[in-house]
Amino acid sequence: MTVERLTQPVLITLALVALAVFALISGLDPVLLGASIIIAAQPLLLAAIGEMVVEKSGVLNLGVEGMMIIGAIAGFAFAVESGSPWVGFLGAALAGAALALVFGVLTQVLLSNQVATGLALTLFGLGLAALIGQPYSGLKPPAFGSLDIPGLSDLPVVGPLFLSHDAVVYFALGLVIAVWLFLGRSRPGMILRAVGENHAAAHALGYNVIAIRLAAIAFGGACAGLGGAYLSLVRVPQWNEGMTAGAGWIALAIVVFGAWKPWRVMLGAYLFGGVTILQLNLQAANLTPLWLLAFGLFLFAIWRTLTSRAGPIELLLLWLGTIALGTWSAAYPISIQAQYLSMTPYLVTIIVLVVMSADRLRANQNAPASLGQVFHKSG
Amino acid sequence: MKFVKTLAAVAALALAGPALSDGHEPMKVGFIYVGPVGDFGWSYEHDQGRKAIEEAFGDKVETTYLESVPEGPDAERAIRQLAQSGHDLIFTTSFGYMNPTLKVAEQFPDVKFEHATGFKRADNVSVYSGRFYEGRTVLGHIAGHMTETNTIGYIASFPIPEVVRGINSAYLAAKAVNPDVSFKIVWVNTWFDPAKEADAANALIEQGADVIMQHTDSPAAMTIAEEKGIYAFGQASDMKQFGPNARLSSIIDNWGPYYVARTQAVMDGTWESTDTWDGIKPGLTEIGEFSDKIPAEVQASAQAIIDGIVDGSIHSFTGPIKKQDGSDWLAEGERADDGTLLGMNFYVEGIEGELPN
């Protein structure tokens with residue numbers, strides 16, 4: 001059996017099991033840890049899955065950060081005014097989509113440069129959100145409770161870990177499945193991908209390239225808006241100017257590293273959120289994050305051994321390195337510069353996703369061929 | 001994102017700059033902030049100081065600010081733009097602007113610069129800061145009394161002397177009233193990232209902390225403390241609205257009087273490069289109102305510490321104090337000198353974990 005044959009969902013499950021094992025041997029509570037990681041991953045997951053669909057249609061929207069922050073304030077404002085977080089999330093999705101459509105009209109109809117317009121969208125979103133947000137500082141949003149499924153949520157371990165989150169967590173999971181089915185298994189999804197691969201050909205076949213792309217852009221904006229609202233309504237929960245603090249850019253990176261595949265994008269979001277939370281928890285528990293690297297190396301060594309692609313010398317080095325790093329971090333908790341601690345989420349995410357898409361040819365094939373190119377009917 | 005935002009702000013400034021030079025223009029005062037003015041913490045209070053200047057001088061001054069300017073090399077460009085566009089006095093309000101400020105100051109000898117929390121001066125560069133560690137002695141005292149789990153969580157930004165000093169001073173004060181207290185410290189490596197600050201607060205609570213202190217700029221930790229039903233302190237700003245039940249007290253940075261005085265000095269032509277480090281007594285560091293959650297006798301003892309710091313009978317670092325490695329630092333009754341405090345790069349004895357370097 002080789003790991004390559006395993007499907008992405010199985011890999012994600014394996015990663016979860018590995019995480020629980022790691023938490024247990026580190027003396028952290030795997031259930032609480034899992035819940036924190038899920039919360040930290042949601043904003044990235046929502047924004048990244050939306051942007052992935054946009055890029056699949058051949059459009060590069062760099063304004064994710066701007067749409068997220070607009071979603072954060074719109075979600076907060078709608079929730080506070082109406083008293084219902086549901087209205088908040090709905091408002092956030094609409095606001096994100098509306099801002100995205102500004103980008104859509106500029107780039108698709110007026111044919112402006114996508115990179116410049118996307119950057120401008122971020123600036124505009126940050127400024128507009130600060131303006132709208134003036135009266136909302138210091139307010140408390142209505143609580144967004146978790147779904148409690150009678151009987152099931154009370155199950156030990158499984159209950160708190162999988163069955164007692166807020167609705168958005170399940171919605172996001174459903175969204176990943178839906179996007180996966182839509183792009184890979186449905187005719188409209190295939191048309192959307194065709195538009196992204198070669199807009200001239202899609203146009204020649206009679207598809208309305210601009211309308212399809214505008215729909216994708218609006219979807220991406222709605223997802224980014226939801227991601228932003230998750231920050232201001234659940235994860236923090238408060239309104240603070242500039243509170244996305246770069247999450248939109250990380251979402252963009254996750255799309256690329258996830259090779260435009262829904263499950264990998266999800267894995268990327270969870271990895272990034274997971275390592276962020278893990279390194280904070282390791283610090284709080286007075287453990288060195290080097291310990292996390294040792295564990296990562298351990299997983300990598302297992303993977304290389306199972307796939308039997310590596311030569312004996314590489315395997316020997318890998319296992320020796322794992323043992324050495326593990327012993328070292330357990331025996332001598334050395335201090336590390338704070339910037340390296342903060343680097344770990346980026347580092348681990350990049351390493352894992354690079355390793356997973358090591359086959360450059362296949363990874364490149366997956367990038368939409370018309371990404372970022374201007375389409376005009378006269379074309 | 002921050003980079004781009006700065007770029008745009010700088011571009012706007014560059015356009016606006018030359019249009020205003022007719023010889024009778026008001027004095028221009030510029031500010032560089034590390035976070036957004038709406039962070040309700042550090043940058044917010046600096047901006048209150050800027051507003052104090054506008055209020056005091058009216059038409060005679062014109063103020064500008066650039067917010068969310070990242071620390072490091074990119075800051076240099078932002079500072080230079082302020083200098084080039086005719087600003088007479090520029091406040092750079094974060095530790096990481098130290099070297100960029102000095103570099104730009106060298107190229108603009110006629111412009112006066114004021115760098116907050118740094119330690120490098122030049123003929124046209126003053127440094128100024130608050131003795132916030134005095135405030136942390138008061139907060140640490142309260143925290144030591146209020147914790148029931150004997151675990152105080154501390155969200156730290158960067159391992160610079162300013163932050164390390166705050167941890168040490170809070171720890172010593174808490175330990176003095178509660179010998180069983182332990183500090184759990186999380187370094188988030190940012191001044192402002194509400195999501196990460198909230199995550200850090202949650203991680204600390206999971207590790208048993210029931211009082212949270214912070215040295216980051218947003219009220220995110222306060223919000224989490226309120227939600228989880230534990231205690232926290234306002235940092236740089238009062239933050240009461242974010243945690244009506246959670247907030248025990250706060251350290252409030254009051255920059256206004258200093259900013260007004262320095263602006264006046266430039267107007268009068270009496271400005272000189274100075275080194276200002278003011279604490280509770282001169283009023284640069286204020287302690288926010290005590291919450292009624294704090295028992296009366298603790299409020300009284302905390303007030304006694306404030307009074308003691310004001311009349312000079314109490315100093316946050318008074319021996320005997322050992323360093324974390326067990327070596328002697330201060331002998332019985334000895335007080336730490338400012339030089340050691342300004343360069344503090346060690347934990348005091350009793351703090352667990354290693355200080356990142």
# chains A, B, ... in the order shown; residues from 1 in each chain; ligands from 1

call {"tool": "interface_residues", "arguments": {"of": "chain A", "to": "chain B", "cutoff": "8 Å", "atoms": "only C-alpha atoms", "output": "PyMOL selection string"}}
result
chain A and resi 32+36+40+65+119+122-123+130+138-140+231+235-238+240-246+249+277+280-281+283-286+334-339+341-342

call {"tool": "residues_around", "arguments": {"residues": "region 113-126 of chain B", "least_positions_apart": "4", "cutoff": "7 Å", "atoms": "only C-alpha atoms", "output": "list in words"}}
result
Leu89, Ile90, Phe91, Thr92, Thr93, Ser94, Phe95, Met98, Ala105, Pro109, Ser273, Thr274 and Asp275 of chain B

call {"tool": "residues_around", "arguments": {"residues": "Trp329 (chain B)", "least_positions_apart": "4", "cutoff": "8 Å", "atoms": "only C-alpha atoms", "output": "mmCIF file with N, CA, C and O atoms, in the first residue's frame"}}
result
data_model
loop_
_atom_site.group_PDB
_atom_site.id
_atom_site.type_symbol
_atom_site.label_atom_id
_atom_site.label_comp_id
_atom_site.auth_asym_id
_atom_site.auth_seq_id
_atom_site.Cartn_x
_atom_site.Cartn_y
_atom_site.Cartn_z
ATOM 1 N N GLY B 319 16.195 45.295 45.897
ATOM 2 C CA GLY B 319 16.787 44.024 46.326
ATOM 3 C C GLY B 319 16.244 43.558 47.663
ATOM 4 O O GLY B 319 15.588 44.328 48.367
ATOM 5 N N PRO B 320 16.460 42.301 48.035
ATOM 6 C CA PRO B 320 17.297 41.356 47.283
ATOM 7 C C PRO B 320 16.541 40.726 46.109
ATOM 8 O O PRO B 320 15.438 40.240 46.284
ATOM 9 N N ILE B 321 17.149 40.753 44.942
ATOM 10 C CA ILE B 321 16.577 40.093 43.762
ATOM 11 C C ILE B 321 17.689 39.309 43.071
ATOM 12 O O ILE B 321 18.796 39.816 42.886
ATOM 13 N N LYS B 322 17.360 38.066 42.757
ATOM 14 C CA LYS B 322 18.309 37.273 41.985
ATOM 15 C C LYS B 322 17.813 37.155 40.560
ATOM 16 O O LYS B 322 16.636 37.290 40.283
ATOM 17 N N LYS B 323 18.752 36.861 39.663
ATOM 18 C CA LYS B 323 18.363 36.588 38.285
ATOM 19 C C LYS B 323 17.841 35.159 38.196
ATOM 20 O O LYS B 323 18.034 34.355 39.113
#

call {"tool": "select_by_dssp", "arguments": {"residues": "region 114-278 of chain B", "states": "strand (DSSP E or B)", "output": "PyMOL selection string"}}
result
chain B and resi 114-116+122+125-130+151-156+182-187+211-214+231-234+247-253+275-278

call {"tool": "atom_distance", "arguments": {"atom1": "CA of Val266 (chain B)", "atom2": "CA of Val69 (chain B)"}}
result
25.0 Å

call {"tool": "atom_distance", "arguments": {"atom1": "CA of Ala251 (chain A)", "atom2": "CA of Ile49 (chain A)"}}
result
8.4 Å

call {"tool": "residues_around", "arguments": {"residues": "Thr149 (chain B)", "least_positions_apart": "5", "cutoff": "10 Å", "atoms": "only C-alpha atoms", "output": "list of chain:residue names"}}
result
B:Asp180, B:Val181, B:Ser182, B:Gly208, B:Ala209, B:Asp210, B:Val211

call {"tool": "write_last_selection", "arguments": {"atoms": "all heavy atoms", "output": "CSV table (one decimal), in the first residue's frame"}}
result
chain,number,residue,atom,x,y,z
B,180,ASP,N,3.0,31.4,45.9
B,180,ASP,CA,2.8,30.3,45.1
B,180,ASP,C,2.5,30.6,43.6
B,180,ASP,O,2.3,29.7,42.8
B,180,ASP,CB,1.5,29.5,45.6
B,180,ASP,CG,1.8,29.0,47.0
B,180,ASP,OD1,2.9,28.6,47.3
B,180,ASP,OD2,0.8,28.9,47.8
B,181,VAL,N,2.6,31.9,43.3
B,181,VAL,CA,2.1,32.3,42.0
B,181,VAL,C,3.2,31.9,40.9
B,181,VAL,O,4.4,31.8,41.2
B,181,VAL,CB,2.0,33.9,42.0
B,181,VAL,CG1,3.3,34.6,41.7
B,181,VAL,CG2,0.9,34.3,40.9
B,182,SER,N,2.6,31.5,39.8
B,182,SER,CA,3.5,31.2,38.6
B,182,SER,C,3.0,32.0,37.4
B,182,SER,O,1.8,32.2,37.3
B,182,SER,CB,3.7,29.7,38.4
B,182,SER,OG,2.6,29.3,37.7
B,208,GLY,N,-4.7,27.0,32.6
B,208,GLY,CA,-5.0,27.3,34.0
B,208,GLY,C,-5.0,28.7,34.4
B,208,GLY,O,-5.2,29.0,35.6
B,209,ALA,N,-4.6,29.6,33.5
B,209,ALA,CA,-4.5,31.0,34.0
B,209,ALA,C,-5.9,31.6,34.2
B,209,ALA,O,-6.8,31.4,33.5
B,209,ALA,CB,-3.8,31.9,32.9
B,210,ASP,N,-6.0,32.3,35.4
B,210,ASP,CA,-7.3,33.0,35.6
B,210,ASP,C,-7.2,34.5,35.7
B,210,ASP,O,-8.2,35.2,36.0
B,210,ASP,CB,-8.0,32.4,36.9
B,210,ASP,CG,-7.2,32.6,38.1
B,210,ASP,OD1,-6.0,33.0,38.0
B,210,ASP,OD2,-7.7,32.3,39.2
B,211,VAL,N,-6.0,35.0,35.5
B,211,VAL,CA,-5.8,36.4,35.4
B,211,VAL,C,-4.8,36.6,34.2
B,211,VAL,O,-3.8,35.9,34.1
B,211,VAL,CB,-5.1,37.0,36.6
B,211,VAL,CG1,-4.9,38.5,36.4
B,211,VAL,CG2,-6.0,36.8,37.9

call {"tool": "residues_around", "arguments": {"residues": "Leu106 (chain A)", "least_positions_apart": "4", "cutoff": "12 Å", "atoms": "only C-alpha atoms", "output": "list in words"}}
result
Asn61, Leu99, Ala100, Leu101, Val102, Leu110, Leu111, Ser112, Asn113, Gln114, Val115, Ala116, Thr117, Gly118, Ala120, Leu121, Ile210, Leu214, Ile217 and Val374 of chain A

call {"tool": "write_last_selection", "arguments": {"atoms": "N, CA, C and O atoms", "output": "mmCIF file, in the first residue's frame"}}
result
data_model
loop_
_atom_site.group_PDB
_atom_site.id
_atom_site.type_symbol
_atom_site.label_atom_id
_atom_site.label_comp_id
_atom_site.auth_asym_id
_atom_site.auth_seq_id
_atom_site.Cartn_x
_atom_site.Cartn_y
_atom_site.Cartn_z
ATOM 1 N N ASN A 61 -7.872 37.541 -7.859
ATOM 2 C CA ASN A 61 -8.347 38.659 -7.044
ATOM 3 C C ASN A 61 -7.486 38.759 -5.794
ATOM 4 O O ASN A 61 -7.615 37.974 -4.864
ATOM 5 N N LEU A 99 -18.497 43.941 -2.571
ATOM 6 C CA LEU A 99 -17.178 44.529 -2.788
ATOM 7 C C LEU A 99 -16.454 43.786 -3.912
ATOM 8 O O LEU A 99 -15.792 44.388 -4.756
ATOM 9 N N ALA A 100 -16.621 42.451 -3.917
ATOM 10 C CA ALA A 100 -15.973 41.657 -4.960
ATOM 11 C C ALA A 100 -16.509 42.048 -6.339
ATOM 12 O O ALA A 100 -15.765 42.069 -7.320
ATOM 13 N N LEU A 101 -17.793 42.369 -6.398
ATOM 14 C CA LEU A 101 -18.377 42.724 -7.691
ATOM 15 C C LEU A 101 -17.843 44.064 -8.207
ATOM 16 O O LEU A 101 -17.766 44.283 -9.407
ATOM 17 N N VAL A 102 -17.469 44.941 -7.280
ATOM 18 C CA VAL A 102 -16.809 46.180 -7.711
ATOM 19 C C VAL A 102 -15.539 45.800 -8.474
ATOM 20 O O VAL A 102 -15.271 46.297 -9.582
ATOM 21 N N LEU A 110 -14.614 46.652 -17.447
ATOM 22 C CA LEU A 110 -13.788 47.794 -17.838
ATOM 23 C C LEU A 110 -12.347 47.385 -18.120
ATOM 24 O O LEU A 110 -11.506 48.221 -18.433
ATOM 25 N N LEU A 111 -12.063 46.085 -17.970
ATOM 26 C CA LEU A 111 -10.772 45.495 -18.336
ATOM 27 C C LEU A 111 -9.568 46.137 -17.650
ATOM 28 O O LEU A 111 -8.526 46.339 -18.259
ATOM 29 N N SER A 112 -9.711 46.472 -16.365
ATOM 30 C CA SER A 112 -8.553 47.008 -15.649
ATOM 31 C C SER A 112 -7.627 45.852 -15.273
ATOM 32 O O SER A 112 -8.015 44.687 -15.325
ATOM 33 N N ASN A 113 -6.422 46.201 -14.867
ATOM 34 C CA ASN A 113 -5.431 45.204 -14.475
ATOM 35 C C ASN A 113 -5.858 44.516 -13.180
ATOM 36 O O ASN A 113 -6.170 45.166 -12.185
ATOM 37 N N GLN A 114 -5.855 43.182 -13.181
ATOM 38 C CA GLN A 114 -6.379 42.453 -12.024
ATOM 39 C C GLN A 114 -5.521 42.610 -10.776
ATOM 40 O O GLN A 114 -6.028 42.750 -9.666
ATOM 41 N N VAL A 115 -4.199 42.592 -10.971
ATOM 42 C CA VAL A 115 -3.313 42.701 -9.802
ATOM 43 C C VAL A 115 -3.496 44.062 -9.134
ATOM 44 O O VAL A 115 -3.723 44.161 -7.929
ATOM 45 N N ALA A 116 -3.433 45.129 -9.944
ATOM 46 C CA ALA A 116 -3.546 46.473 -9.374
ATOM 47 C C ALA A 116 -4.927 46.675 -8.753
ATOM 48 O O ALA A 116 -5.065 47.228 -7.658
ATOM 49 N N THR A 117 -5.963 46.198 -9.436
ATOM 50 C CA THR A 117 -7.314 46.388 -8.914
ATOM 51 C C THR A 117 -7.514 45.606 -7.619
ATOM 52 O O THR A 117 -8.148 46.089 -6.688
ATOM 53 N N GLY A 118 -6.941 44.416 -7.555
ATOM 54 C CA GLY A 118 -7.052 43.612 -6.338
ATOM 55 C C GLY A 118 -6.379 44.294 -5.153
ATOM 56 O O GLY A 118 -6.928 44.356 -4.053
ATOM 57 N N ALA A 120 -5.844 47.476 -4.869
ATOM 58 C CA ALA A 120 -6.650 48.649 -4.541
ATOM 59 C C ALA A 120 -7.876 48.241 -3.724
ATOM 60 O O ALA A 120 -8.300 48.948 -2.810
ATOM 61 N N LEU A 121 -8.410 47.081 -4.049
ATOM 62 C CA LEU A 121 -9.591 46.598 -3.327
ATOM 63 C C LEU A 121 -9.267 46.382 -1.848
ATOM 64 O O LEU A 121 -10.066 46.690 -0.965
ATOM 65 N N ILE A 210 -17.665 36.351 -19.248
ATOM 66 C CA ILE A 210 -17.729 37.430 -18.258
ATOM 67 C C ILE A 210 -18.753 37.114 -17.168
ATOM 68 O O ILE A 210 -18.481 37.277 -15.980
ATOM 69 N N LEU A 214 -17.921 36.718 -13.286
ATOM 70 C CA LEU A 214 -18.528 37.598 -12.281
ATOM 71 C C LEU A 214 -19.174 36.769 -11.175
ATOM 72 O O LEU A 214 -19.066 37.105 -9.992
ATOM 73 N N ILE A 217 -16.452 35.464 -8.974
ATOM 74 C CA ILE A 217 -15.890 36.551 -8.152
ATOM 75 C C ILE A 217 -16.825 36.865 -6.979
ATOM 76 O O ILE A 217 -16.387 37.037 -5.839
ATOM 77 N N VAL A 374 -6.414 39.110 -19.206
ATOM 78 C CA VAL A 374 -7.584 39.915 -19.540
ATOM 79 C C VAL A 374 -8.347 39.256 -20.690
ATOM 80 O O VAL A 374 -7.750 38.762 -21.641
#

call {"tool": "residues_around", "arguments": {"residues": "Ile53 (chain B)", "least_positions_apart": "3", "cutoff": "9 Å", "atoms": "only C-alpha atoms", "output": "short mmCIF file (atom, residue, chain, number, x, y, z; two decimals) with N, CA and C atoms, in the first residue's frame"}}
result
data_model
loop_
_atom_site.label_atom_id
_atom_site.label_comp_id
_atom_site.auth_asym_id
_atom_site.auth_seq_id
_atom_site.Cartn_x
_atom_site.Cartn_y
_atom_site.Cartn_z
N VAL B 29 3.45 68.76 12.38
CA VAL B 29 3.88 67.71 13.29
C VAL B 29 3.40 66.36 12.73
N GLN B 48 -4.41 60.02 20.67
CA GLN B 48 -5.03 60.96 21.61
C GLN B 48 -4.05 62.10 21.91
N GLY B 49 -2.76 61.74 21.99
CA GLY B 49 -1.72 62.75 22.21
C GLY B 49 -1.64 63.73 21.04
N ARG B 50 -1.77 63.18 19.83
CA ARG B 50 -1.76 64.05 18.63
C ARG B 50 -2.94 65.02 18.68
N ALA B 56 -4.47 72.08 21.68
CA ALA B 56 -3.70 73.12 22.37
C ALA B 56 -3.29 74.25 21.43
N PHE B 57 -2.98 73.94 20.17
CA PHE B 57 -2.42 74.96 19.30
C PHE B 57 -3.35 75.41 18.17
N GLY B 58 -4.42 74.69 17.97
CA GLY B 58 -5.40 75.10 16.96
C GLY B 58 -4.79 75.26 15.57
N VAL B 61 -0.84 74.67 14.31
CA VAL B 61 -0.19 73.41 13.93
C VAL B 61 -1.05 72.67 12.92
N THR B 63 -1.27 68.55 11.94
CA THR B 63 -0.71 67.23 12.26
C THR B 63 -1.06 66.22 11.18
N GLY B 256 -0.28 63.04 25.93
CA GLY B 256 -0.68 64.40 25.56
C GLY B 256 0.23 65.51 26.10
N PRO B 257 0.42 65.59 27.44
CA PRO B 257 1.21 66.70 27.98
C PRO B 257 2.62 66.76 27.40
N TYR B 259 3.63 65.61 24.45
CA TYR B 259 3.57 66.02 23.04
C TYR B 259 3.35 67.52 22.91
N VAL B 260 2.48 68.06 23.76
CA VAL B 260 2.21 69.49 23.72
C VAL B 260 3.47 70.26 24.09
N ALA B 261 4.16 69.80 25.13
CA ALA B 261 5.37 70.50 25.59
C ALA B 261 6.45 70.49 24.50
N THR B 263 6.04 70.17 21.25
CA THR B 263 5.63 71.01 20.12
C THR B 263 5.88 72.49 20.45
#

call {"tool": "atom_distance", "arguments": {"atom1": "CA of Ile302 (chain A)", "atom2": "CA of Lys261 (chain A)"}}
result
24.2 Å

call {"tool": "closest_residue", "arguments": {"among": "A:Ser164, A:Gln373, A:Asn198, A:Thr349", "to": "Gly258 (chain A)", "atoms": "only C-alpha atoms"}}
result
A:Thr349
